[in-house]
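As stored in start28.pdb (PDB, C-alpha atoms):
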MODEL        1
ATOM      1  CA  MET A   1       0.000   0.000   0.000
ATOM      2  CA  THR A   2       1.425   3.372  -1.002
ATOM      3  CA  GLU A   3       1.626   6.001   1.690
ATOM      4  CA  ASN A   4      -0.121   9.293   1.076
ATOM      5  CA  PRO A   5       2.392  11.979   0.148
ATOM      6  CA  THR A   6       2.862  14.914   2.483
ATOM      7  CA  PRO A   7       4.839  18.128   2.073
ATOM      8  CA  GLU A   8       7.545  16.520   4.239
ATOM      9  CA  LYS A   9       7.463  13.248   2.283
ATOM     10  CA  PRO A  10       6.433  13.696  -1.352
ATOM     11  CA  ALA A  11       5.415  10.669  -3.440
ATOM     12  CA  ALA A  12       8.286   8.834  -5.074
ATOM     13  CA  PRO A  13       8.358   9.285  -8.871
ATOM     14  CA  LEU A  14       7.581   5.610  -9.612
ATOM     15  CA  ALA A  15       5.146   4.995  -6.756
ATOM     16  CA  GLY A  16       2.310   2.769  -7.939
ATOM     17  CA  LEU A  17       4.448   0.991 -10.546
ATOM     18  CA  ARG A  18       4.903  -2.767  -9.998
ATOM     19  CA  VAL A  19       7.905  -4.657 -11.373
ATOM     20  CA  LEU A  20       8.462  -8.415 -11.570
ATOM     21  CA  GLU A  21      12.174  -9.224 -11.538
ATOM     22  CA  LEU A  22      13.210 -12.646 -12.784
ATOM     23  CA  GLY A  23      16.884 -11.771 -13.059
ATOM     24  CA  ASN A  24      19.909 -12.827 -11.085
ATOM     25  CA  TYR A  25      23.463 -11.681 -10.445
ATOM     26  CA  ILE A  26      23.820  -8.008 -11.352
ATOM     27  CA  ALA A  27      22.272  -6.658 -14.579
ATOM     28  CA  ALA A  28      18.509  -7.143 -14.094
ATOM     29  CA  PRO A  29      18.751  -6.742 -10.297
ATOM     30  CA  THR A  30      20.495  -3.394 -10.823
ATOM     31  CA  ALA A  31      17.630  -2.254 -13.051
ATOM     32  CA  GLY A  32      15.169  -3.450 -10.424
ATOM     33  CA  ARG A  33      17.085  -1.674  -7.666
ATOM     34  CA  LEU A  34      17.014   1.612  -9.537
ATOM     35  CA  LEU A  35      13.265   1.321 -10.131
ATOM     36  CA  ALA A  36      12.741   0.395  -6.454
ATOM     37  CA  ASP A  37      14.892   3.328  -5.319
ATOM     38  CA  PHE A  38      12.497   5.606  -7.189
ATOM     39  CA  GLY A  39       9.451   4.081  -5.529
ATOM     40  CA  ALA A  40       8.378   1.152  -7.714
ATOM     41  CA  GLU A  41       7.271  -2.009  -5.958
ATOM     42  CA  VAL A  42       9.745  -4.655  -7.122
ATOM     43  CA  ILE A  43       9.022  -8.345  -6.618
ATOM     44  CA  LYS A  44      12.178 -10.417  -7.034
ATOM     45  CA  VAL A  45      11.779 -14.106  -7.891
ATOM     46  CA  GLU A  46      14.509 -16.368  -6.516
ATOM     47  CA  ARG A  47      15.093 -20.095  -6.984
ATOM     48  CA  PRO A  48      14.507 -22.541  -4.139
ATOM     49  CA  GLY A  49      17.462 -23.541  -1.992
ATOM     50  CA  THR A  50      20.118 -21.122  -3.184
ATOM     51  CA  GLY A  51      18.221 -17.999  -4.189
ATOM     52  CA  ASP A  52      20.079 -15.508  -6.351
ATOM     53  CA  GLU A  53      23.721 -16.561  -6.811
ATOM     54  CA  LEU A  54      24.732 -13.078  -5.681
ATOM     55  CA  ARG A  55      23.670 -13.946  -2.109
ATOM     56  CA  ASN A  56      26.960 -15.820  -1.680
ATOM     57  CA  TRP A  57      29.174 -13.961  -4.146
ATOM     58  CA  ARG A  58      32.362 -12.696  -2.474
ATOM     59  CA  LEU A  59      30.815 -13.532   0.882
ATOM     60  CA  HIS A  60      33.447 -13.026   3.564
ATOM     61  CA  ARG A  61      31.233 -13.625   6.573
ATOM     62  CA  GLY A  62      27.586 -13.875   7.492
ATOM     63  CA  SER A  63      24.910 -15.483   5.355
ATOM     64  CA  THR A  64      24.240 -12.849   2.677
ATOM     65  CA  SER A  65      26.791 -10.798   0.737
ATOM     66  CA  MET A  66      26.883  -7.030   0.999
ATOM     67  CA  LEU A  67      26.602  -6.785  -2.788
ATOM     68  CA  TYR A  68      23.355  -8.786  -2.706
ATOM     69  CA  ARG A  69      21.996  -6.533   0.059
ATOM     70  CA  THR A  70      22.947  -3.412  -1.894
ATOM     71  CA  ILE A  71      21.558  -4.469  -5.273
ATOM     72  CA  ASN A  72      18.375  -5.926  -3.813
ATOM     73  CA  ARG A  73      17.441  -3.208  -1.365
ATOM     74  CA  ASN A  74      13.847  -1.956  -1.362
ATOM     75  CA  LYS A  75      12.567  -5.178  -2.989
ATOM     76  CA  LYS A  76      10.206  -7.936  -1.988
ATOM     77  CA  SER A  77      11.421 -11.461  -2.577
ATOM     78  CA  VAL A  78       9.529 -14.645  -3.371
ATOM     79  CA  VAL A  79      10.881 -18.163  -3.925
ATOM     80  CA  LEU A  80       9.506 -19.930  -7.014
ATOM     81  CA  ASP A  81      10.737 -22.937  -8.955
ATOM     82  CA  LEU A  82      10.328 -21.954 -12.595
ATOM     83  CA  HIS A  83      10.981 -25.565 -13.613
ATOM     84  CA  THR A  84       7.582 -26.540 -12.172
ATOM     85  CA  GLU A  85       4.080 -25.836 -13.425
ATOM     86  CA  ALA A  86       3.168 -24.252 -10.064
ATOM     87  CA  GLY A  87       6.162 -21.889 -10.298
ATOM     88  CA  ARG A  88       5.381 -20.928 -13.882
ATOM     89  CA  GLN A  89       1.727 -20.320 -13.039
ATOM     90  CA  ALA A  90       2.733 -18.127 -10.106
ATOM     91  CA  VAL A  91       4.917 -16.047 -12.449
ATOM     92  CA  LEU A  92       2.038 -15.677 -14.898
ATOM     93  CA  ASP A  93      -0.273 -14.629 -12.053
ATOM     94  CA  LEU A  94       2.276 -12.057 -10.864
ATOM     95  CA  ALA A  95       2.902 -10.839 -14.427
ATOM     96  CA  GLY A  96      -0.833 -10.211 -14.715
ATOM     97  CA  GLN A  97      -0.541  -7.735 -11.824
ATOM     98  CA  CYS A  98       2.706  -6.024 -12.875
ATOM     99  CA  ASP A  99       3.620  -3.200 -15.223
ATOM    100  CA  ILE A 100       7.161  -4.334 -16.065
ATOM    101  CA  LEU A 101       9.034  -7.630 -16.168
ATOM    102  CA  LEU A 102      12.852  -7.651 -15.985
ATOM    103  CA  GLU A 103      14.972 -10.667 -16.915
ATOM    104  CA  ASN A 104      18.596 -11.346 -17.754
ATOM    105  CA  PHE A 105      18.695 -15.052 -18.460
ATOM    106  CA  ARG A 106      20.437 -16.559 -21.441
ATOM    107  CA  PRO A 107      18.230 -16.030 -24.537
ATOM    108  CA  GLY A 108      15.702 -18.810 -24.896
ATOM    109  CA  THR A 109      15.504 -19.617 -21.169
ATOM    110  CA  LEU A 110      12.081 -18.033 -20.620
ATOM    111  CA  GLU A 111      10.811 -19.773 -23.744
ATOM    112  CA  LYS A 112      12.201 -23.114 -22.497
ATOM    113  CA  TRP A 113      10.209 -22.626 -19.280
ATOM    114  CA  GLY A 114       7.053 -21.776 -21.237
ATOM    115  CA  LEU A 115       7.262 -18.103 -20.192
ATOM    116  CA  GLY A 116       8.237 -16.398 -23.442
ATOM    117  CA  PRO A 117       6.941 -12.952 -24.381
ATOM    118  CA  GLU A 118       3.894 -14.355 -26.178
ATOM    119  CA  VAL A 119       2.785 -16.255 -23.062
ATOM    120  CA  LEU A 120       3.548 -13.336 -20.735
ATOM    121  CA  SER A 121       1.649 -10.972 -23.024
ATOM    122  CA  GLU A 122      -1.384 -13.242 -22.842
ATOM    123  CA  ALA A 123      -1.262 -12.919 -19.051
ATOM    124  CA  ASN A 124      -0.924  -9.135 -19.345
ATOM    125  CA  PRO A 125      -1.131  -7.421 -22.755
ATOM    126  CA  GLU A 126       0.180  -4.165 -21.218
ATOM    127  CA  LEU A 127       3.261  -5.779 -19.652
ATOM    128  CA  ILE A 128       6.563  -4.152 -20.614
ATOM    129  CA  ILE A 129       9.122  -6.945 -20.965
ATOM    130  CA  THR A 130      12.746  -5.894 -20.574
ATOM    131  CA  ARG A 131      15.308  -8.511 -21.547
ATOM    132  CA  ILE A 132      19.009  -8.037 -20.836
ATOM    133  CA  SER A 133      21.540 -10.291 -22.541
ATOM    134  CA  ALA A 134      25.126 -10.003 -23.696
ATOM    135  CA  PHE A 135      24.469 -10.338 -27.424
ATOM    136  CA  GLY A 136      20.753  -9.571 -27.762
ATOM    137  CA  GLN A 137      17.820 -11.934 -28.220
ATOM    138  CA  THR A 138      18.390 -12.568 -31.930
ATOM    139  CA  GLY A 139      21.349 -12.550 -34.269
ATOM    140  CA  PRO A 140      24.426 -14.659 -34.855
ATOM    141  CA  LEU A 141      25.793 -14.488 -31.277
ATOM    142  CA  ALA A 142      22.492 -14.456 -29.359
ATOM    143  CA  ASP A 143      22.854 -17.998 -28.042
ATOM    144  CA  ARG A 144      26.178 -17.270 -26.365
ATOM    145  CA  PRO A 145      26.235 -16.673 -22.626
ATOM    146  CA  GLY A 146      27.671 -13.414 -21.454
ATOM    147  CA  SER A 147      28.363 -11.182 -18.515
ATOM    148  CA  ALA A 148      30.211  -7.979 -17.787
ATOM    149  CA  ALA A 149      33.537  -9.782 -18.148
ATOM    150  CA  VAL A 150      32.665 -10.857 -21.688
ATOM    151  CA  ALA A 151      31.369  -7.411 -22.664
ATOM    152  CA  GLU A 152      34.445  -5.706 -21.222
ATOM    153  CA  ALA A 153      36.719  -8.041 -23.179
ATOM    154  CA  TYR A 154      34.804  -7.710 -26.466
ATOM    155  CA  SER A 155      34.696  -3.926 -26.178
ATOM    156  CA  GLY A 156      38.400  -3.574 -25.450
ATOM    157  CA  PHE A 157      37.676  -1.945 -22.104
ATOM    158  CA  ARG A 158      39.758  -4.515 -20.252
ATOM    159  CA  ASN A 159      42.759  -3.551 -22.334
ATOM    160  CA  LEU A 160      42.507  -0.026 -20.895
ATOM    161  CA  VAL A 161      42.731  -1.210 -17.292
ATOM    162  CA  GLY A 162      45.947  -2.235 -15.541
ATOM    163  CA  ASP A 163      49.573  -1.858 -16.484
ATOM    164  CA  PRO A 164      50.757  -1.711 -20.121
ATOM    165  CA  ASP A 165      53.361  -4.466 -19.609
ATOM    166  CA  ARG A 166      50.853  -6.945 -18.136
ATOM    167  CA  PRO A 167      47.742  -8.764 -19.378
ATOM    168  CA  PRO A 168      44.392  -6.942 -19.120
ATOM    169  CA  VAL A 169      42.753  -7.048 -15.692
ATOM    170  CA  ARG A 170      39.244  -6.947 -14.341
ATOM    171  CA  VAL A 171      37.943  -3.550 -13.308
ATOM    172  CA  GLY A 172      37.032  -3.075  -9.639
ATOM    173  CA  VAL A 173      33.272  -3.300 -10.187
ATOM    174  CA  SER A 174      31.090  -5.235 -12.590
ATOM    175  CA  ILE A 175      30.751  -2.156 -14.774
ATOM    176  CA  GLY A 176      29.289  -3.922 -17.834
ATOM    177  CA  ASP A 177      26.438  -5.468 -15.824
ATOM    178  CA  SER A 178      25.880  -2.261 -13.868
ATOM    179  CA  ILE A 179      25.631  -0.151 -17.009
ATOM    180  CA  SER A 180      23.316  -2.747 -18.602
ATOM    181  CA  GLY A 181      21.058  -2.463 -15.572
ATOM    182  CA  LEU A 182      21.189   1.320 -15.678
ATOM    183  CA  TYR A 183      20.192   1.435 -19.346
ATOM    184  CA  ALA A 184      17.478  -1.195 -18.843
ATOM    185  CA  ALA A 185      15.937   0.911 -16.075
ATOM    186  CA  PHE A 186      16.332   4.075 -18.141
TER     187      PHE A 186
ENDMDL
END
I need this file expressed as structure tokens, please.
Amino acid sequence: MTENPTPEKPAAPLAGLRVLELGNYIAAPTAGRLLADFGAEVIKVERPGTGDELRNWRLHRGSTSMLYRTINRNKKSVVLDLHTEAGRQAVLDLAGQCDILLENFRPGTLEKWGLGPEVLSEANPELIITRISAFGQTGPLADRPGSAAVAEAYSGFRNLVGDPDRPPVRVGVSIGDSISGLYAAF
């Protein structure tokens, strides 16, 4: 339920907007975080048992990484197994109540689960479906997996980082995934 705005607490710009996030790691969750930071209700779907892989990424102590907590702030989380009919039906029910769906799986994954754009659009013809992938959804490289590391290497960005007499190195943050998330939210 959205709080009534007051002069001391004006309404957030995206208040009333509902987002279903099916993504993991960084790209789609970054887009979801940005939308949530501006007031959208974001419902993050996580797999049973492990949740989003980012929960344990670079975990030094505790049970949930700081990066997971940062990227997934201001979100609601639900556990669904998208390999089951019950999980898929729950996603379709949620999609019917959402304005936007975010995903960053390898192209073809939603279709393999029976949740491709045609099926999602039947559940909600007004649903905006935002798909983030390294090489797009179609084209000669679409079936290749990708992440920030791949994008940074392909773009030559990694060659700009580090010392000239050594091999390219990873930048300090997952800049490719973060920028993908930023542009997806934008």
> On this structure, which residues satisfy the PyMOL selection byres ((chain A and resi 55) around 6), written as JSON, numbers by chain?
Replying inline: {"A": [52, 53, 54, 56, 57, 64, 65, 68]}
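If you look at CA of Arg73 (chain A) and CA of Asp37 (chain A), they are 8.1 Å away from each other.
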>> Can you translate the PyMOL selection byres ((chain A and resi 147) around 9) into the concrete residues it hits in this file, as a list in words?
In response: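 Selection result, ordered by chain and number: Ala27, Ser133, Ala134, Pro145, Gly146, Ala148, Ala149, Val150, Ala151, Glu152, Ser174, Gly176 and Asp177 of chain A.
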Check which residues satisfy the PyMOL selection byres ((chain A and resi 95) around 10) in the file shown, then give them as an mmCIF file with C-alpha atoms, keeping the file's coordinate frame.
data_model
loop_
_atom_site.group_PDB
_atom_site.id
_atom_site.type_symbol
_atom_site.label_atom_id
_atom_site.label_comp_id
_atom_site.auth_asym_id
_atom_site.auth_seq_id
_atom_site.Cartn_x
_atom_site.Cartn_y
_atom_site.Cartn_z
ATOM 1 C CA ARG A 18 4.903 -2.767 -9.998
ATOM 2 C CA VAL A 19 7.905 -4.657 -11.373
ATOM 3 C CA LEU A 20 8.462 -8.415 -11.570
ATOM 4 C CA GLU A 21 12.174 -9.224 -11.538
ATOM 5 C CA GLN A 89 1.727 -20.320 -13.039
ATOM 6 C CA ALA A 90 2.733 -18.127 -10.106
ATOM 7 C CA VAL A 91 4.917 -16.047 -12.449
ATOM 8 C CA LEU A 92 2.038 -15.677 -14.898
ATOM 9 C CA ASP A 93 -0.273 -14.629 -12.053
ATOM 10 C CA LEU A 94 2.276 -12.057 -10.864
ATOM 11 C CA GLY A 96 -0.833 -10.211 -14.715
ATOM 12 C CA GLN A 97 -0.541 -7.735 -11.824
ATOM 13 C CA CYS A 98 2.706 -6.024 -12.875
ATOM 14 C CA ASP A 99 3.620 -3.200 -15.223
ATOM 15 C CA ILE A 100 7.161 -4.334 -16.065
ATOM 16 C CA LEU A 101 9.034 -7.630 -16.168
ATOM 17 C CA LEU A 120 3.548 -13.336 -20.735
ATOM 18 C CA SER A 121 1.649 -10.972 -23.024
ATOM 19 C CA GLU A 122 -1.384 -13.242 -22.842
ATOM 20 C CA ALA A 123 -1.262 -12.919 -19.051
ATOM 21 C CA ASN A 124 -0.924 -9.135 -19.345
ATOM 22 C CA PRO A 125 -1.131 -7.421 -22.755
ATOM 23 C CA GLU A 126 0.180 -4.165 -21.218
ATOM 24 C CA LEU A 127 3.261 -5.779 -19.652
ATOM 25 C CA ILE A 128 6.563 -4.152 -20.614
ATOM 26 C CA ILE A 129 9.122 -6.945 -20.965
#
> Which one is closest to Glu111 (chain A): A:Arg158, A:Leu82, A:Gly136, A:Ala31? Count all atoms listed in the file.
Replying inline: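 The shortest atom-to-atom distance to Glu111 (chain A) comes from A:Leu82.
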>> I want to know what sits within 7 Å of Phe38 (chain A), based on only C-alpha atoms, with residues of the same chain fewer than 3 positions away left out; could you give that as a PyMOL selection string?
In response: chain A and resi 12-14+34-35
>> Just want the 12 Å neighbourhood of Leu110 (chain A), counted on only C-alpha atoms, with same-chain residues fewer than 4 positions away dropped. Output as a ChimeraX atom specification.
In response: /A:22-23,82-83,88,91-92,101-106,114-120,129,131,137
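Of the residues listed (A:Lys75, A:Arg144, A:Arg33, A:Arg69), A:Arg144 shows the shortest atom-to-atom separation from Gly108 (chain A); distances use only C-alpha atoms.
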> Do you have the CA of Thr30 (chain A)-CA of Thr70 (chain A) distance handy?
Replying inline: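 CA of Thr30 (chain A) sits 9.3 Å away from CA of Thr70 (chain A).
If you measure from each of A:Val173, A:Ala184, A:Leu67, A:Ala36 to Gly16 (chain A) using all atoms listed in the file, the closest one turns out to be A:Ala36.
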> Which residue, A:Ile132, A:Val169, A:Ala86, A:Leu80, has the smallest gap to Glu46 (chain A) when you use only C-alpha atoms?
Replying inline: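 Distance minimum relative to Glu46 (chain A) lands on A:Leu80.
In this model, the gap between CA of Pro48 (chain A) and CA of Val79 (chain A) comes to 5.7 Å.
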>> Distance cut-off 12 Å, centre (8.9, -10.8, 0.9) in file coordinates, counting all atoms listed in the file: which residues qualify? Return them as JSON, numbers by chain.
In response: {"A": [41, 42, 43, 44, 45, 46, 72, 73, 74, 75, 76, 77, 78, 79]}
